[in-house]
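Below is one structure, written out as structure tokens; comments come after it.
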Amino acid sequence: MSDTPTLYARFTEKLDAVLAALEAEGHMPPDTPRRAVTVEPPRDPSHGDLATNAAMVLAKQAKTNPRALAGLIVEKLAADPDVTSAEIAGPGFINLRVAREAWLAELRAVAELGADYGKSTMGAGRTVNIEYVSANPTGPMHMGHCRGAVVGDALASLLEFAGHKVIREYYVNDAGGQVDVLARSVHVRYREALGKDVGEIPEGLYPGDYLVPVGEALAEEFGDRYLAAPESEWLVPFRERAVAAMLEMIRADLALLGIHHDLFSSEAELQAAGKPAEAEAWLRERDLVYDGMLEAPKGKTPEDWEPVELPLFRSTKFGDDQDRPIRKSDGSWTYFGADLAYHYQKAQGADALVDIWGADHAGTVKRIKAAVAAMTGADGDAVPFEVKLVQMVQLLRDGQPVKMSKRSGTFVTLADVVREVGKDVVRFTMLTRKPEAQMDFDFAKVVEASKDNPVFYVQYCHARVCSTLRKAAAEDLAPSDGHLELLGEEELEMVKLAAQFPRIVEAAATAREPHRIAFFLHDLAAALHGYWNLGNDRPDKRFIVVQDGNLSRARLFLAAQIGQLVRNGLALLGVEAVEEM
RNA sequence: GCGCCCGUAGCUCAGCUGGAUAGAGCACGAGACUUCUAAUCUUGAGGCCACAGGUUCGAAUCCUGUCGGGCGCGCCA
């Protein structure tokens with residue numbers, strides 16, 4: 001992004017230039033691939049500020065040994081004014097120490113770039129479509145949807161920050177049997193609204209109270225017109241209105257979490273437009289769909305199993321375990337048959353696709369990946385497509401599991417949880433674990449205001465910076481980069497950590513792992529709190545040292561930039577950076 | 001039976017797509033508080049990275065198998 005490349009990017013360029021020079025001098029063959037070359041902070045800070053594995057990775061291609069190659073690289077790097085020392089260590093690591101001035105310049109870059117510090121051009125403006133949530137429009141959002149929603153949303157922000165154009169998409173499953181069930185459930189509420197005694201909600205229908213107002217609205221709209229009418233007359237209009245009402249509710253629930261999709265794509269519209277049929281024809285032409293028998297499921301063969309001939313997609317050709325039906329025996333589309341066409345549609349509007357799914361759908365990943373490979377791979381390169389699975393969240397209250405049962409309607413809604421613990425807590429907590437690991441969500445722990453709670457810890461860091469700046473302002477001290485040379489080693493350590501933000505962003509975006517931002521923020525907060533605590537015993541290490549204005553202003557400048565960084569990181573996670581707590 | 005995910009300190013988890021002596025918090029042990037910035041701080045101990053092989057300069061990380069936990073497996077969505 002920047003006209004001001006950040007420190008890590010700059011050193012990567014320097015190293016690249018050195019390697020190019022070595023190629024030109026004949027030490028390495030031309031166009032030696034350098035993909036595996038990294039520039040990163042060494043694990044042990046005593047080794048230096050930056051380390052590169054270049055010599056070890058490239059030694060084989062240079063037909064020499066790592067240490068010899070390292071010698072050549074070091075010779076050139078040592079000439080750089082930003083490098084104060086370059087040493088070969090161990091099997092061929094190159095450890096660099098970076099000039100103080102270069103770190104201080106990085107601190108100025110944070111100030112200069114502000115909210116843009118950490119942005120990357122990595123995505124090169126490529127469009128990524130990220131589909132997340134896509135909960136069935138049959139009721140309010142519950143906690144089962146929450147993690148995917150937050151992870152997907154944070155990932156979308158992250159990819160945007162990393163230079164992609166992002167489409168946030170929600171696939172509305174408004175065409176299957178479940179929405180018919182919804183329509184029937186709503187019909188019961190409709191009769192109820194007209195004063196009929198409906199008794200218990202029949203087994204198999206949705207019992208939730210949230211359908212009561214929908215029934216009332218229908219009664220208002222249609223009067224008693226459909227009271228005794230056959231289902232065929234009211235099913236379609238009831239379904240339409242019920243789905244619309246559910247979507248409105250879902251949007252409101254998502255808004256509570258600060259989530260707003262760019263696009264809601266309707267499965268029913270997709271089908272009405274004939275997209276699945278087009279896909280089928282296209283696939284049949286290439287013999288990727290054929291009429292065949294489905295094998296009985298392995299393991300537990302059901303008694304009522306009857307082999308039928310169905311149109312099957314050859315997903316086995318692309319790594320699936322079984323060919324998959326795209327239509328049911330009554331001719332209507334299976335979920336997969338429509339989903340296949342849907343993904344093709346998404347692929348036409350994007351350079352890459354990402355789906356965020358709950359782990360309970362893991363079993364269908366192979367078939368949809370097969371479908372995308374088949375449909376986008378035919379004419380050139382397949383569109384890159386990843387399915388990220390988020391694992392289950394177990395809700396706990398004081399260590400005891402919270403029971404949820406769909407049948408009895410006692411599920412914990414997302415709205416309830418957000419109301420109880422707040423948006424920021426929900427979002428941050430969902431991002432403090434890698435998505436593919438199961439997690440617990442304990443109501444007692446997530447609202448705790450102590451340093452054991454990462455949400456609090458990070459937000460408090462920002463609040464602390466703000467309160468320090470407020471206090472300084474009261475004493476007529478404003479942050480200034482006029483005398484940054486007064487900053488000591490402890491302060492410089494914080495700068496070094498802060499300078500990693502841009503590369504953390506890129507790594508997190510590449511890996512599609514927004515939780516890395518959360519962990520980085522926790523580390524950064526720990527550094528600031530640690531420095532703060534230093535001031536307890538050593539008043540000369542406080543941000544505000546009354547006797548020394550220049551030093552205070554330099555430290556305040558540092559504090560302000562740490563605050564800026566926390567804001568940038570929290571913005572990616574969709575968590576508010578509060579100014580006081 | 002099959003597929004996917006997970007297995008790292010007593011507990012909850014990181015580990016930067018293969019790097020150097022595997023980290024943090026909690027809990028545990030020992031110290032510190034006449035508020036100056038204690039919504040605590042310093043410090044110590046704690047590990048066969050589930051297990052067994054393999055790949056290579058080098059593995060917690062990649063591959064194979066075993067064990068353990070979770071999720072799923074019909075034309076459902």
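Please note that chains go A, B, ... in the order of the structure tokens, that every chain numbers its residues from 1, and that ligands are numbered from 1 in the order shown.
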
Exercise. Any idea what's packed within 10 Å of A:Ile504, counting only C-alpha atoms (C1' of nucleotides), ignoring anything in its chain fewer than 5 positions away? Could you give it as a ChimeraX atom specification?
Worked result: /A:118,499,509-510,514,516-517,519-520 /B:16

Preceding selection exported with N, CA and C atoms (P, O5', C5', C4', C3', O3' and C1' of nucleotides) as a compact mmCIF listing (two decimals), in the first residue's frame:
# COMPACT_ATOMS: atom_id res chain seq x y z
N GLY A 118 -0.24 -1.17 8.23
CA GLY A 118 -0.50 -2.61 8.23
C GLY A 118 -1.23 -3.08 6.99
N ALA A 499 6.23 -3.32 15.02
CA ALA A 499 6.62 -3.33 13.60
C ALA A 499 6.24 -4.63 12.91
N ALA A 509 -3.82 -13.25 6.65
CA ALA A 509 -4.66 -13.24 5.46
C ALA A 509 -4.36 -14.45 4.58
N THR A 510 -3.09 -14.75 4.42
CA THR A 510 -2.71 -15.89 3.60
C THR A 510 -3.27 -17.18 4.17
N PRO A 514 -7.97 -15.16 10.99
CA PRO A 514 -8.06 -13.88 11.70
C PRO A 514 -7.66 -13.96 13.18
N ARG A 516 -5.08 -14.84 14.40
CA ARG A 516 -3.69 -14.41 14.62
C ARG A 516 -3.62 -12.94 14.97
N ILE A 517 -4.54 -12.16 14.47
CA ILE A 517 -4.59 -10.74 14.81
C ILE A 517 -4.91 -10.60 16.30
N PHE A 519 -4.28 -12.68 18.69
CA PHE A 519 -3.14 -13.07 19.52
C PHE A 519 -2.05 -12.01 19.47
N PHE A 520 -1.87 -11.42 18.30
CA PHE A 520 -0.88 -10.36 18.20
C PHE A 520 -1.25 -9.19 19.12
P C B 16 3.60 -21.67 13.40
O5' C B 16 3.75 -20.65 12.18
C5' C B 16 2.63 -19.91 11.75
C4' C B 16 3.00 -18.47 11.50
C3' C B 16 4.23 -18.24 10.63
O3' C B 16 3.95 -18.44 9.26
C1' C B 16 4.22 -16.74 12.45

For this session: With a distance cut-off of 10 Å and only C-alpha atoms (C1' of nucleotides), select the neighbouring residues of B:C62, excluding the residue or stretch itself and same-chain residues fewer than 2 positions from it, and output the selection as number ranges by chain.
Result: B: 18, 55, 59

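All of the residues in chain B within 8 Å of chain A are B:G1, B:C2, B:G3, B:C4, B:C5, B:C6, B:C13, B:A14, B:C16, B:U17, B:G19, B:A20, B:G25, B:C26, B:C36, B:U37, B:A39, B:C41, B:C57, B:G70, B:C71, B:G72, B:C73, B:G74, B:C75, B:A77, where only C-alpha atoms (C1' of nucleotides) were counted.
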
Exercise. Could you name the residues that touch A:Pro33 at 10 Å or less, counting only C-alpha atoms (C1' of nucleotides), but leaving out those on the same chain fewer than 4 positions away, as an MDAnalysis selection string?
Worked result: chainID A and resid 29 37 57:58 61

Kindly export the residues of the current selection with N, CA and C atoms, as a compact mmCIF listing (two decimals), in the first residue's frame.
# COMPACT_ATOMS: atom_id res chain seq x y z
N PRO A 29 22.46 -19.72 -9.93
CA PRO A 29 21.89 -19.77 -11.27
C PRO A 29 20.80 -18.72 -11.41
N VAL A 37 12.29 -18.32 0.96
CA VAL A 37 13.12 -17.40 1.73
C VAL A 37 12.24 -16.54 2.63
N VAL A 57 18.18 -22.22 2.48
CA VAL A 57 17.18 -22.62 1.49
C VAL A 57 17.80 -22.67 0.09
N LEU A 58 18.75 -21.77 -0.16
CA LEU A 58 19.25 -21.64 -1.52
C LEU A 58 20.58 -22.34 -1.76
N GLN A 61 20.78 -25.02 -4.51
CA GLN A 61 20.71 -24.51 -5.88
C GLN A 61 21.95 -23.73 -6.26

Exercise. Where does DSSP see helix (DSSP H, G or I) in stretch 287-414 of chain A, if you list the residues as a PyMOL selection string?
Worked result: chain A and resi 315-318+335-348+359-377+414

Selection above as a file: C-alpha atoms, as a PDB file, in the first residue's frame:
ATOM      1  CA  SER A 315     -17.511 -36.178  -7.866  1.00  0.00           C
ATOM      2  CA  THR A 316     -15.350 -39.291  -7.468  1.00  0.00           C
ATOM      3  CA  LYS A 317     -13.434 -38.035 -10.481  1.00  0.00           C
ATOM      4  CA  PHE A 318     -12.352 -35.096  -8.325  1.00  0.00           C
ATOM      5  CA  TYR A 335     -29.379 -29.116  -1.963  1.00  0.00           C
ATOM      6  CA  PHE A 336     -26.150 -30.074  -3.663  1.00  0.00           C
ATOM      7  CA  GLY A 337     -27.601 -29.740  -7.169  1.00  0.00           C
ATOM      8  CA  ALA A 338     -28.527 -26.142  -6.490  1.00  0.00           C
ATOM      9  CA  ASP A 339     -25.405 -25.412  -4.484  1.00  0.00           C
ATOM     10  CA  LEU A 340     -23.262 -26.522  -7.371  1.00  0.00           C
ATOM     11  CA  ALA A 341     -24.907 -24.003  -9.667  1.00  0.00           C
ATOM     12  CA  TYR A 342     -24.667 -21.395  -6.945  1.00  0.00           C
ATOM     13  CA  HIS A 343     -20.940 -21.833  -6.585  1.00  0.00           C
ATOM     14  CA  TYR A 344     -20.518 -21.599 -10.327  1.00  0.00           C
ATOM     15  CA  GLN A 345     -22.399 -18.328 -10.213  1.00  0.00           C
ATOM     16  CA  LYS A 346     -20.146 -17.036  -7.444  1.00  0.00           C
ATOM     17  CA  ALA A 347     -17.046 -18.133  -9.319  1.00  0.00           C
ATOM     18  CA  GLN A 348     -18.032 -15.992 -12.286  1.00  0.00           C
ATOM     19  CA  ALA A 359     -18.044 -28.551  11.208  1.00  0.00           C
ATOM     20  CA  ASP A 360     -21.295 -30.465  11.012  1.00  0.00           C
ATOM     21  CA  HIS A 361     -21.152 -29.998   7.247  1.00  0.00           C
ATOM     22  CA  ALA A 362     -17.648 -31.343   6.922  1.00  0.00           C
ATOM     23  CA  GLY A 363     -18.967 -34.399   5.148  1.00  0.00           C
ATOM     24  CA  THR A 364     -20.036 -32.381   2.129  1.00  0.00           C
ATOM     25  CA  VAL A 365     -16.816 -30.480   1.540  1.00  0.00           C
ATOM     26  CA  LYS A 366     -15.395 -32.914  -0.963  1.00  0.00           C
ATOM     27  CA  ARG A 367     -18.390 -32.880  -3.249  1.00  0.00           C
ATOM     28  CA  ILE A 368     -18.637 -29.110  -3.457  1.00  0.00           C
ATOM     29  CA  LYS A 369     -14.911 -28.766  -4.021  1.00  0.00           C
ATOM     30  CA  ALA A 370     -15.248 -31.386  -6.725  1.00  0.00           C
ATOM     31  CA  ALA A 371     -18.058 -29.391  -8.282  1.00  0.00           C
ATOM     32  CA  VAL A 372     -16.108 -26.154  -8.340  1.00  0.00           C
ATOM     33  CA  ALA A 373     -13.069 -27.907  -9.767  1.00  0.00           C
ATOM     34  CA  ALA A 374     -15.176 -29.489 -12.496  1.00  0.00           C
ATOM     35  CA  MET A 375     -17.088 -26.385 -13.465  1.00  0.00           C
ATOM     36  CA  THR A 376     -14.365 -23.771 -13.308  1.00  0.00           C
ATOM     37  CA  GLY A 377     -11.427 -25.931 -14.330  1.00  0.00           C
ATOM     38  CA  LEU A 414     -27.328 -15.051  19.539  1.00  0.00           C
TER      39      LEU A 414
END

For this session: Write out as a ChimeraX atom specification which residues come within 9 Å of B:G47 when counting only C-alpha atoms (C1' of nucleotides), dropping same-chain ones fewer than 3 positions away.
Result: /B:8-9,22

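Of note, atom CA of A:Ile356 and atom CA of A:Phe428 are spaced 17.7 Å apart.
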
With stretch 229-243 of chain A as the partner and 10 Å as the cut-off, tabulate the residues of stretch 103-147 of chain A that qualify, each row holding the nearest pair of atoms and their distance in Å to one decimal, using only C-alpha atoms, sorted by chain and rising number, as a Markdown table.
| residue | atom | partner | partner_atom | distance |
| --- | --- | --- | --- | --- |
| A:Asn136 | CA | A:Val243 | CA | 9.3 |
| A:Pro137 | CA | A:Val243 | CA | 5.8 |
| A:Thr138 | CA | A:Val243 | CA | 6.9 |
| A:Gly139 | CA | A:Val243 | CA | 9.0 |

Exercise. If you count only C-alpha atoms (C1' of nucleotides), which residues fall within 8 Å of A:Phe161, apart from same-chain ones fewer than 4 positions away, as a ChimeraX atom specification?
Worked result: /A:118-120,157,572

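Proximity to A:Glu576 at 12 Å, evaluated using only C-alpha atoms (C1' of nucleotides) and with sequence-adjacent residues fewer than 6 positions away removed, yields Leu257, Gly258, Gly422, Lys423, Asp424, Val425, Val426, Arg427, Phe428, Val455, Phe456, Val458, Gln459, Tyr460, His462, Ala463, Val566, Arg567, Asn568, Gly569 and Leu570 of chain A.
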
Quick check for you: according to DSSP on this backbone, which residues of stretch 16-99 of chain A are classed as strand (DSSP E or B)? Reply as a PDB file with N, CA, C and O atoms, in the first residue's frame.
ATOM      1  N   VAL A  39      12.089 -13.545   5.935  1.00  0.00           N
ATOM      2  CA  VAL A  39      12.737 -12.596   6.833  1.00  0.00           C
ATOM      3  C   VAL A  39      11.835 -12.483   8.043  1.00  0.00           C
ATOM      4  O   VAL A  39      10.686 -12.077   7.918  1.00  0.00           O
ATOM      5  N   GLU A  40      12.309 -12.915   9.176  1.00  0.00           N
ATOM      6  CA  GLU A  40      11.456 -12.864  10.360  1.00  0.00           C
ATOM      7  C   GLU A  40      12.268 -12.608  11.610  1.00  0.00           C
ATOM      8  O   GLU A  40      13.493 -12.725  11.596  1.00  0.00           O
ATOM      9  N   LEU A  50      16.465  -9.391  13.162  1.00  0.00           N
ATOM     10  CA  LEU A  50      15.875 -10.081  12.019  1.00  0.00           C
ATOM     11  C   LEU A  50      16.740 -11.274  11.678  1.00  0.00           C
ATOM     12  O   LEU A  50      17.953 -11.258  11.882  1.00  0.00           O
ATOM     13  N   ALA A  51      16.118 -12.290  11.150  1.00  0.00           N
ATOM     14  CA  ALA A  51      16.869 -13.454  10.706  1.00  0.00           C
ATOM     15  C   ALA A  51      16.333 -13.893   9.357  1.00  0.00           C
ATOM     16  O   ALA A  51      15.150 -13.747   9.073  1.00  0.00           O
ATOM     17  N   THR A  52      17.226 -14.416   8.541  1.00  0.00           N
ATOM     18  CA  THR A  52      16.772 -14.984   7.285  1.00  0.00           C
ATOM     19  C   THR A  52      17.377 -16.375   7.085  1.00  0.00           C
ATOM     20  O   THR A  52      18.502 -16.641   7.502  1.00  0.00           O
ATOM     21  N   VAL A  83      21.712  -1.627   8.576  1.00  0.00           N
ATOM     22  CA  VAL A  83      22.162  -2.854   9.244  1.00  0.00           C
ATOM     23  C   VAL A  83      23.380  -2.532  10.089  1.00  0.00           C
ATOM     24  O   VAL A  83      24.376  -2.026   9.585  1.00  0.00           O
ATOM     25  N   THR A  84      23.292  -2.808  11.371  1.00  0.00           N
ATOM     26  CA  THR A  84      24.457  -2.526  12.216  1.00  0.00           C
ATOM     27  C   THR A  84      25.319  -3.770  12.394  1.00  0.00           C
ATOM     28  O   THR A  84      26.499  -3.668  12.673  1.00  0.00           O
ATOM     29  N   SER A  85      24.735  -4.928  12.256  1.00  0.00           N
ATOM     30  CA  SER A  85      25.571  -6.123  12.250  1.00  0.00           C
ATOM     31  C   SER A  85      24.863  -7.230  11.500  1.00  0.00           C
ATOM     32  O   SER A  85      23.635  -7.314  11.487  1.00  0.00           O
ATOM     33  N   ALA A  86      25.649  -8.063  10.838  1.00  0.00           N
ATOM     34  CA  ALA A  86      25.112  -9.210  10.119  1.00  0.00           C
ATOM     35  C   ALA A  86      26.013 -10.389  10.422  1.00  0.00           C
ATOM     36  O   ALA A  86      27.215 -10.330  10.202  1.00  0.00           O
ATOM     37  N   GLU A  87      25.425 -11.425  10.990  1.00  0.00           N
ATOM     38  CA  GLU A  87      26.259 -12.553  11.417  1.00  0.00           C
ATOM     39  C   GLU A  87      25.671 -13.867  10.939  1.00  0.00           C
ATOM     40  O   GLU A  87      24.463 -14.002  10.789  1.00  0.00           O
ATOM     41  N   ILE A  88      26.577 -14.823  10.757  1.00  0.00           N
ATOM     42  CA  ILE A  88      26.145 -16.167  10.396  1.00  0.00           C
ATOM     43  C   ILE A  88      26.056 -16.979  11.680  1.00  0.00           C
ATOM     44  O   ILE A  88      26.945 -16.908  12.526  1.00  0.00           O
ATOM     45  N   ALA A  89      24.995 -17.723  11.802  1.00  0.00           N
ATOM     46  CA  ALA A  89      24.831 -18.502  13.032  1.00  0.00           C
ATOM     47  C   ALA A  89      24.321 -19.898  12.702  1.00  0.00           C
ATOM     48  O   ALA A  89      23.665 -20.098  11.669  1.00  0.00           O
ATOM     49  N   PHE A  93      21.934 -19.636   9.407  1.00  0.00           N
ATOM     50  CA  PHE A  93      21.062 -18.483   9.608  1.00  0.00           C
ATOM     51  C   PHE A  93      21.871 -17.217   9.454  1.00  0.00           C
ATOM     52  O   PHE A  93      23.056 -17.189   9.789  1.00  0.00           O
ATOM     53  N   ILE A  94      21.217 -16.187   8.988  1.00  0.00           N
ATOM     54  CA  ILE A  94      21.854 -14.880   8.978  1.00  0.00           C
ATOM     55  C   ILE A  94      21.074 -13.986   9.929  1.00  0.00           C
ATOM     56  O   ILE A  94      19.874 -13.781   9.758  1.00  0.00           O
ATOM     57  N   ASN A  95      21.764 -13.518  10.950  1.00  0.00           N
ATOM     58  CA  ASN A  95      21.126 -12.655  11.945  1.00  0.00           C
ATOM     59  C   ASN A  95      21.536 -11.219  11.718  1.00  0.00           C
ATOM     60  O   ASN A  95      22.721 -10.917  11.597  1.00  0.00           O
ATOM     61  N   LEU A  96      20.533 -10.362  11.692  1.00  0.00           N
ATOM     62  CA  LEU A  96      20.805  -8.949  11.456  1.00  0.00           C
ATOM     63  C   LEU A  96      20.396  -8.130  12.654  1.00  0.00           C
ATOM     64  O   LEU A  96      19.414  -8.443  13.327  1.00  0.00           O
ATOM     65  N   ARG A  97      21.184  -7.101  12.885  1.00  0.00           N
ATOM     66  CA  ARG A  97      20.720  -6.080  13.828  1.00  0.00           C
ATOM     67  C   ARG A  97      20.409  -4.821  13.042  1.00  0.00           C
ATOM     68  O   ARG A  97      21.165  -4.438  12.145  1.00  0.00           O
ATOM     69  N   VAL A  98      19.292  -4.248  13.401  1.00  0.00           N
ATOM     70  CA  VAL A  98      18.782  -3.117  12.649  1.00  0.00           C
ATOM     71  C   VAL A  98      19.099  -1.832  13.396  1.00  0.00           C
ATOM     72  O   VAL A  98      18.968  -1.781  14.624  1.00  0.00           O
TER      73      VAL A  98
END

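Distance-wise, atom CA of A:Arg67 and atom CA of A:Ala99 end up 24.2 Å apart.
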